[in-house]
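Notes to accompany the following structure.
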Amino acid sequence: MNKVPVTNNIELGYSTFIKGVVISASVFYKITQNVIESAIRPIVENGVNKNLMSYLNVGASESYGVNIFGSYNPMPKWTIMSNFGLNTYEVNNDVLNINTGTLINYNIYARSSYGFTGGWSTELWGVITSPRRTFQGKTDMLYFYGAAVKKDLMGKMATIGLNVLNPFNRDLNIKTINNTANSIQSTDIHYPLRSFGLSFSYNFGKLKFVQKKSVKNDDLKKEEQQQQGGGMGGVQ
(Lines give C-alpha, C1' and ligand atoms only; values in the text may rest on other atoms or scores of the structure.)
Protein backbone atom coordinates (compact mmCIF):
# COMPACT_ATOMS: atom_id res chain seq x y z
CA MET A 1 0.00 0.00 0.00
CA ASN A 2 1.36 3.42 -0.96
CA LYS A 3 2.19 5.98 1.69
CA VAL A 4 0.48 9.39 1.60
CA PRO A 5 2.67 12.15 0.09
CA VAL A 6 3.64 14.92 2.51
CA THR A 7 4.72 18.33 1.18
CA ASN A 8 6.49 21.20 2.92
CA ASN A 9 6.23 24.43 0.94
CA ILE A 10 7.69 27.93 1.27
CA GLU A 11 6.41 30.71 -1.02
CA LEU A 12 7.04 34.44 -1.31
CA GLY A 13 4.86 36.70 -3.44
CA TYR A 14 4.80 40.33 -4.60
CA SER A 15 2.18 42.34 -6.49
CA THR A 16 2.30 45.86 -7.89
CA PHE A 17 0.57 48.25 -10.30
CA ILE A 18 2.73 50.39 -12.60
CA LYS A 19 1.22 52.73 -15.21
CA GLY A 20 -1.67 50.50 -16.20
CA VAL A 21 0.25 47.23 -15.78
CA VAL A 22 -0.64 44.74 -13.06
CA ILE A 23 2.23 42.42 -12.13
CA SER A 24 2.11 39.58 -9.63
CA ALA A 25 5.11 37.31 -9.05
CA SER A 26 5.94 34.53 -6.61
CA VAL A 27 8.81 32.13 -5.96
CA PHE A 28 8.54 28.85 -4.08
CA TYR A 29 10.53 25.94 -2.76
CA LYS A 30 8.95 22.63 -1.76
CA ILE A 31 9.98 19.17 -0.64
CA THR A 32 7.60 16.22 -1.06
CA GLN A 33 8.10 12.87 0.63
CA ASN A 34 6.53 9.64 -0.72
CA VAL A 35 5.89 10.99 -4.23
CA ILE A 36 3.40 8.79 -6.10
CA GLU A 37 3.84 8.26 -9.86
CA SER A 38 2.73 5.68 -12.41
CA ALA A 39 5.46 3.10 -12.93
CA ILE A 40 6.26 0.01 -15.00
CA ARG A 41 7.34 -3.02 -12.98
CA PRO A 42 8.63 -6.25 -14.54
CA ILE A 43 6.85 -9.37 -13.22
CA VAL A 44 6.84 -13.07 -14.06
CA GLU A 45 3.44 -14.71 -14.44
CA ASN A 46 3.18 -18.44 -15.31
CA GLY A 47 6.77 -18.37 -16.50
CA VAL A 48 6.13 -15.40 -18.83
CA ASN A 49 7.90 -12.07 -18.40
CA LYS A 50 5.40 -9.20 -18.31
CA ASN A 51 5.25 -5.51 -17.44
CA LEU A 52 2.80 -4.31 -14.78
CA MET A 53 1.67 -0.67 -14.85
CA SER A 54 0.85 0.56 -11.35
CA TYR A 55 1.37 3.48 -8.95
CA LEU A 56 4.32 3.55 -6.56
CA ASN A 57 5.98 5.72 -3.95
CA VAL A 58 9.03 6.53 -6.08
CA GLY A 59 10.95 8.72 -3.62
CA ALA A 60 11.42 12.28 -2.44
CA SER A 61 11.00 15.30 -4.69
CA GLU A 62 12.69 18.69 -4.40
CA SER A 63 11.41 21.58 -6.51
CA TYR A 64 12.08 25.28 -7.04
CA GLY A 65 9.75 27.47 -9.08
CA VAL A 66 8.49 30.87 -10.11
CA ASN A 67 5.10 32.16 -11.31
CA ILE A 68 4.61 35.52 -13.02
CA PHE A 69 1.25 37.04 -13.95
CA GLY A 70 0.76 40.26 -15.89
CA SER A 71 -2.20 42.26 -17.17
CA TYR A 72 -2.09 45.33 -19.42
CA ASN A 73 -4.63 47.61 -21.09
CA PRO A 74 -3.10 49.13 -24.26
CA MET A 75 -6.49 50.76 -24.87
CA PRO A 76 -9.50 51.28 -22.56
CA LYS A 77 -11.40 48.37 -24.12
CA TRP A 78 -8.42 46.10 -24.82
CA THR A 79 -7.01 43.77 -22.16
CA ILE A 80 -3.95 41.54 -22.53
CA MET A 81 -2.98 39.13 -19.80
CA SER A 82 -0.51 36.28 -19.44
CA ASN A 83 0.83 33.85 -16.87
CA PHE A 84 4.19 32.08 -16.94
CA GLY A 85 5.19 29.26 -14.60
CA LEU A 86 8.58 27.58 -14.31
CA ASN A 87 9.60 24.82 -11.92
CA THR A 88 12.26 22.16 -11.48
CA TYR A 89 11.60 18.43 -11.19
CA GLU A 90 13.86 16.06 -9.28
CA VAL A 91 13.16 12.68 -7.63
CA ASN A 92 15.64 10.70 -5.54
CA ASN A 93 15.38 7.29 -3.87
CA ASP A 94 18.55 5.56 -2.69
CA VAL A 95 16.74 2.28 -1.97
CA LEU A 96 15.33 1.96 -5.52
CA ASN A 97 18.43 3.58 -7.04
CA ILE A 98 16.40 6.43 -8.56
CA ASN A 99 18.06 9.75 -9.36
CA THR A 100 16.43 11.76 -12.15
CA GLY A 101 18.71 14.79 -11.93
CA THR A 102 17.23 18.28 -12.17
CA LEU A 103 14.76 18.78 -15.03
CA ILE A 104 12.73 21.85 -16.06
CA ASN A 105 8.96 22.20 -16.60
CA TYR A 106 7.12 25.31 -17.75
CA ASN A 107 3.62 26.46 -18.73
CA ILE A 108 2.36 29.57 -20.51
CA TYR A 109 -1.15 31.05 -20.64
CA ALA A 110 -2.09 34.10 -22.72
CA ARG A 111 -5.40 35.89 -23.32
CA SER A 112 -6.48 38.95 -25.28
CA SER A 113 -9.95 40.50 -25.18
CA TYR A 114 -11.37 43.57 -26.88
CA GLY A 115 -14.70 45.33 -26.50
CA PHE A 116 -16.31 47.04 -29.50
CA THR A 117 -19.15 49.52 -29.66
CA GLY A 118 -22.68 48.16 -29.72
CA GLY A 119 -22.00 45.52 -27.04
CA TRP A 120 -19.71 43.35 -29.17
CA SER A 121 -16.55 41.75 -27.73
CA THR A 122 -13.93 39.22 -28.84
CA GLU A 123 -11.52 36.97 -27.00
CA LEU A 124 -8.46 34.87 -27.95
CA TRP A 125 -6.55 32.57 -25.58
CA GLY A 126 -4.02 29.77 -25.62
CA VAL A 127 -2.14 27.38 -23.29
CA ILE A 128 1.26 25.72 -23.76
CA THR A 129 2.82 23.20 -21.38
CA SER A 130 6.34 21.83 -21.65
CA PRO A 131 7.15 18.11 -21.78
CA ARG A 132 6.28 16.64 -18.37
CA ARG A 133 8.95 14.51 -16.71
CA THR A 134 8.58 11.38 -14.60
CA PHE A 135 11.28 9.21 -13.10
CA GLN A 136 10.83 6.70 -15.96
CA GLY A 137 10.12 8.96 -18.93
CA LYS A 138 8.22 11.97 -20.21
CA THR A 139 5.02 13.23 -21.85
CA ASP A 140 5.39 15.45 -24.92
CA MET A 141 4.53 19.15 -25.00
CA LEU A 142 0.81 20.01 -25.13
CA TYR A 143 -1.00 23.06 -26.43
CA PHE A 144 -4.59 24.14 -27.05
CA TYR A 145 -6.30 27.42 -27.92
CA GLY A 146 -9.68 29.03 -28.41
CA ALA A 147 -11.62 32.11 -29.44
CA ALA A 148 -15.04 33.66 -28.82
CA VAL A 149 -17.30 36.44 -30.07
CA LYS A 150 -20.02 37.80 -27.78
CA LYS A 151 -22.89 40.30 -28.05
CA ASP A 152 -24.69 41.96 -25.15
CA LEU A 153 -28.48 42.16 -25.46
CA MET A 154 -31.36 43.76 -23.57
CA GLY A 155 -29.24 46.40 -21.90
CA LYS A 156 -26.59 43.86 -20.89
CA MET A 157 -29.18 41.64 -19.19
CA ALA A 158 -28.43 38.88 -21.73
CA THR A 159 -25.41 37.73 -23.74
CA ILE A 160 -25.17 35.52 -26.82
CA GLY A 161 -21.88 34.15 -28.07
CA LEU A 162 -20.04 31.90 -30.51
CA ASN A 163 -16.94 30.03 -29.33
CA VAL A 164 -14.44 27.63 -30.82
CA LEU A 165 -11.81 25.34 -29.30
CA ASN A 166 -8.82 24.02 -31.30
CA PRO A 167 -10.38 24.69 -34.74
CA PHE A 168 -7.29 23.50 -36.66
CA ASN A 169 -6.57 20.34 -34.63
CA ARG A 170 -9.22 17.68 -34.16
CA ASP A 171 -7.50 15.91 -31.26
CA LEU A 172 -5.36 16.69 -28.26
CA ASN A 173 -2.47 14.29 -28.87
CA ILE A 174 -0.72 13.01 -25.72
CA LYS A 175 2.44 10.98 -26.34
CA THR A 176 4.23 9.31 -23.44
CA ILE A 177 7.40 7.22 -23.37
CA ASN A 178 8.50 5.23 -20.30
CA ASN A 179 11.89 3.51 -20.05
CA THR A 180 12.99 0.70 -17.74
CA ALA A 181 16.17 -1.39 -17.67
CA ASN A 182 14.51 -4.07 -19.83
CA SER A 183 11.78 -2.33 -21.81
CA ILE A 184 10.46 0.78 -23.52
CA GLN A 185 6.75 1.58 -23.43
CA SER A 186 5.19 4.13 -25.77
CA THR A 187 1.58 5.34 -25.62
CA ASP A 188 -0.17 7.68 -28.05
CA ILE A 189 -3.56 8.93 -26.84
CA HIS A 190 -5.92 11.10 -28.91
CA TYR A 191 -8.62 13.09 -27.09
CA PRO A 192 -11.24 14.68 -29.39
CA LEU A 193 -11.02 18.36 -28.50
CA ARG A 194 -12.07 20.47 -31.49
CA SER A 195 -15.49 22.00 -30.86
CA PHE A 196 -17.78 24.83 -31.95
CA GLY A 197 -20.44 26.19 -29.63
CA LEU A 198 -23.26 28.67 -29.20
CA SER A 199 -23.92 30.14 -25.75
CA PHE A 200 -26.68 32.26 -24.24
CA SER A 201 -26.91 33.72 -20.74
CA TYR A 202 -29.49 35.88 -19.00
CA ASN A 203 -29.30 37.72 -15.67
CA PHE A 204 -32.42 37.67 -13.52
CA GLY A 205 -32.72 40.74 -11.31
CA LYS A 206 -29.95 42.47 -9.40
CA LEU A 207 -28.22 41.59 -6.17
CA LYS A 208 -26.61 44.19 -3.93
CA PHE A 209 -24.61 43.49 -0.81
CA VAL A 210 -24.03 46.27 1.72
CA GLN A 211 -21.87 45.79 4.77
CA LYS A 212 -21.83 48.35 7.57
CA LYS A 213 -19.28 48.36 10.33
CA SER A 214 -18.77 50.78 13.17
CA VAL A 215 -15.22 51.64 14.17
CA LYS A 216 -14.39 52.00 17.82
CA ASN A 217 -11.47 53.85 19.37
CA ASP A 218 -10.12 50.54 20.69
CA ASP A 219 -9.95 49.21 17.11
CA LEU A 220 -8.00 52.26 15.96
CA LYS A 221 -5.55 51.91 18.84
CA LYS A 222 -4.95 48.23 18.02
CA GLU A 223 -4.33 49.07 14.36
CA GLU A 224 -1.82 51.79 15.30
CA GLN A 225 0.02 49.37 17.60
CA GLN A 226 0.25 46.75 14.83
CA GLN A 227 1.63 49.30 12.36
CA GLN A 228 4.22 50.48 14.87
CA GLY A 229 5.19 46.86 15.51
CA GLY A 230 6.69 46.59 12.01
CA GLY A 231 4.10 44.71 10.01
CA MET A 232 4.56 43.77 6.34
CA GLY A 233 4.13 46.57 3.82
CA GLY A 234 2.42 46.36 0.46
CA VAL A 235 2.24 48.22 -2.81
CA GLN A 236 -1.15 49.31 -4.13
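Lettering and numbering for the C-alpha coordinates are positional, with chains as A, B, ... in the shown order, residues counted from 1 in each chain, and ligands counted from 1 in the shown order.
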Skipping near chain neighbours, those fewer than 2 positions away, what residues fall within 10 Å of Lys150 of chain A using only C-alpha atoms, listed as a VMD selection string?
chain A and resid 115 119 to 123 148 152 to 153 159 to 163 198 to 200
Which distance in Å separates atom CA of Glu45 of chain A and atom CA of Asn179 of chain A, to one decimal?
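Taking atom CA of Glu45 of chain A and atom CA of Asn179 of chain A, their separation equals 20.9 Å.
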Residues near Asn67 of chain A, anyone? I mean within 12 Å using only C-alpha atoms, not counting same-chain ones fewer than 5 positions away, as a ChimeraX atom specification.
/A:11-15,23-29,82-87,105-109
Non-local contacts of segment 58-63 of chain A (9 Å; only C-alpha atoms; under 5 positions in same chain excluded) as a VMD selection string
chain A and resid 28 to 39 87 to 96 98 102 135
Residues near Ser71 of chain A, cut-off 8 Å, only C-alpha atoms, skip fewer than 5 positions along chain, as an MDAnalysis selection string
chainID A and resid 21:23 79:82
DSSP helix (DSSP H, G or I) residues within chain A, listed as a list in words:
Thr117, Gly118, Gly119, Asn217, Asp218, Asp219, Leu220, Lys221, Lys222, Glu223, Glu224, Gln225, Gln226, Gln227 and Gln228 of chain A
Can you tell me, as number ranges by chain, which residues in segment 16-182 of chain A count as strand (DSSP E or B) by DSSP?
A: 16-18, 21-45, 48-75, 78-89, 91-93, 98-99, 103-115, 120-129, 132-133, 137-139, 142-153, 158-165, 171-179
Residue among A:Val149, A:Ile68, A:Leu193, A:Val127 lying closest to Asn169 of chain A, counting only C-alpha atoms
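Looking at the shortest contact to Asn169 of chain A, the residue is A:Leu193.
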Which one is closest to Pro74 of chain A: A:Met157, A:Asn173, A:Lys19, A:Pro167? Count only C-alpha atoms.
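Smallest distance to Pro74 of chain A is found for A:Lys19.
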At a cut-off of 9 Å, using only C-alpha atoms, what residues contact Met141 of chain A? Leave out same-chain residues fewer than 6 positions from it and give the result as number ranges by chain.
A: 128-132, 174-175
Have a look at atom CA of Asn57 of chain A and atom CA of His190 of chain A and let me know their distance in Å, one decimal.
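Computing the Euclidean distance for atom CA of Asn57 of chain A and atom CA of His190 of chain A yields 28.2 Å.
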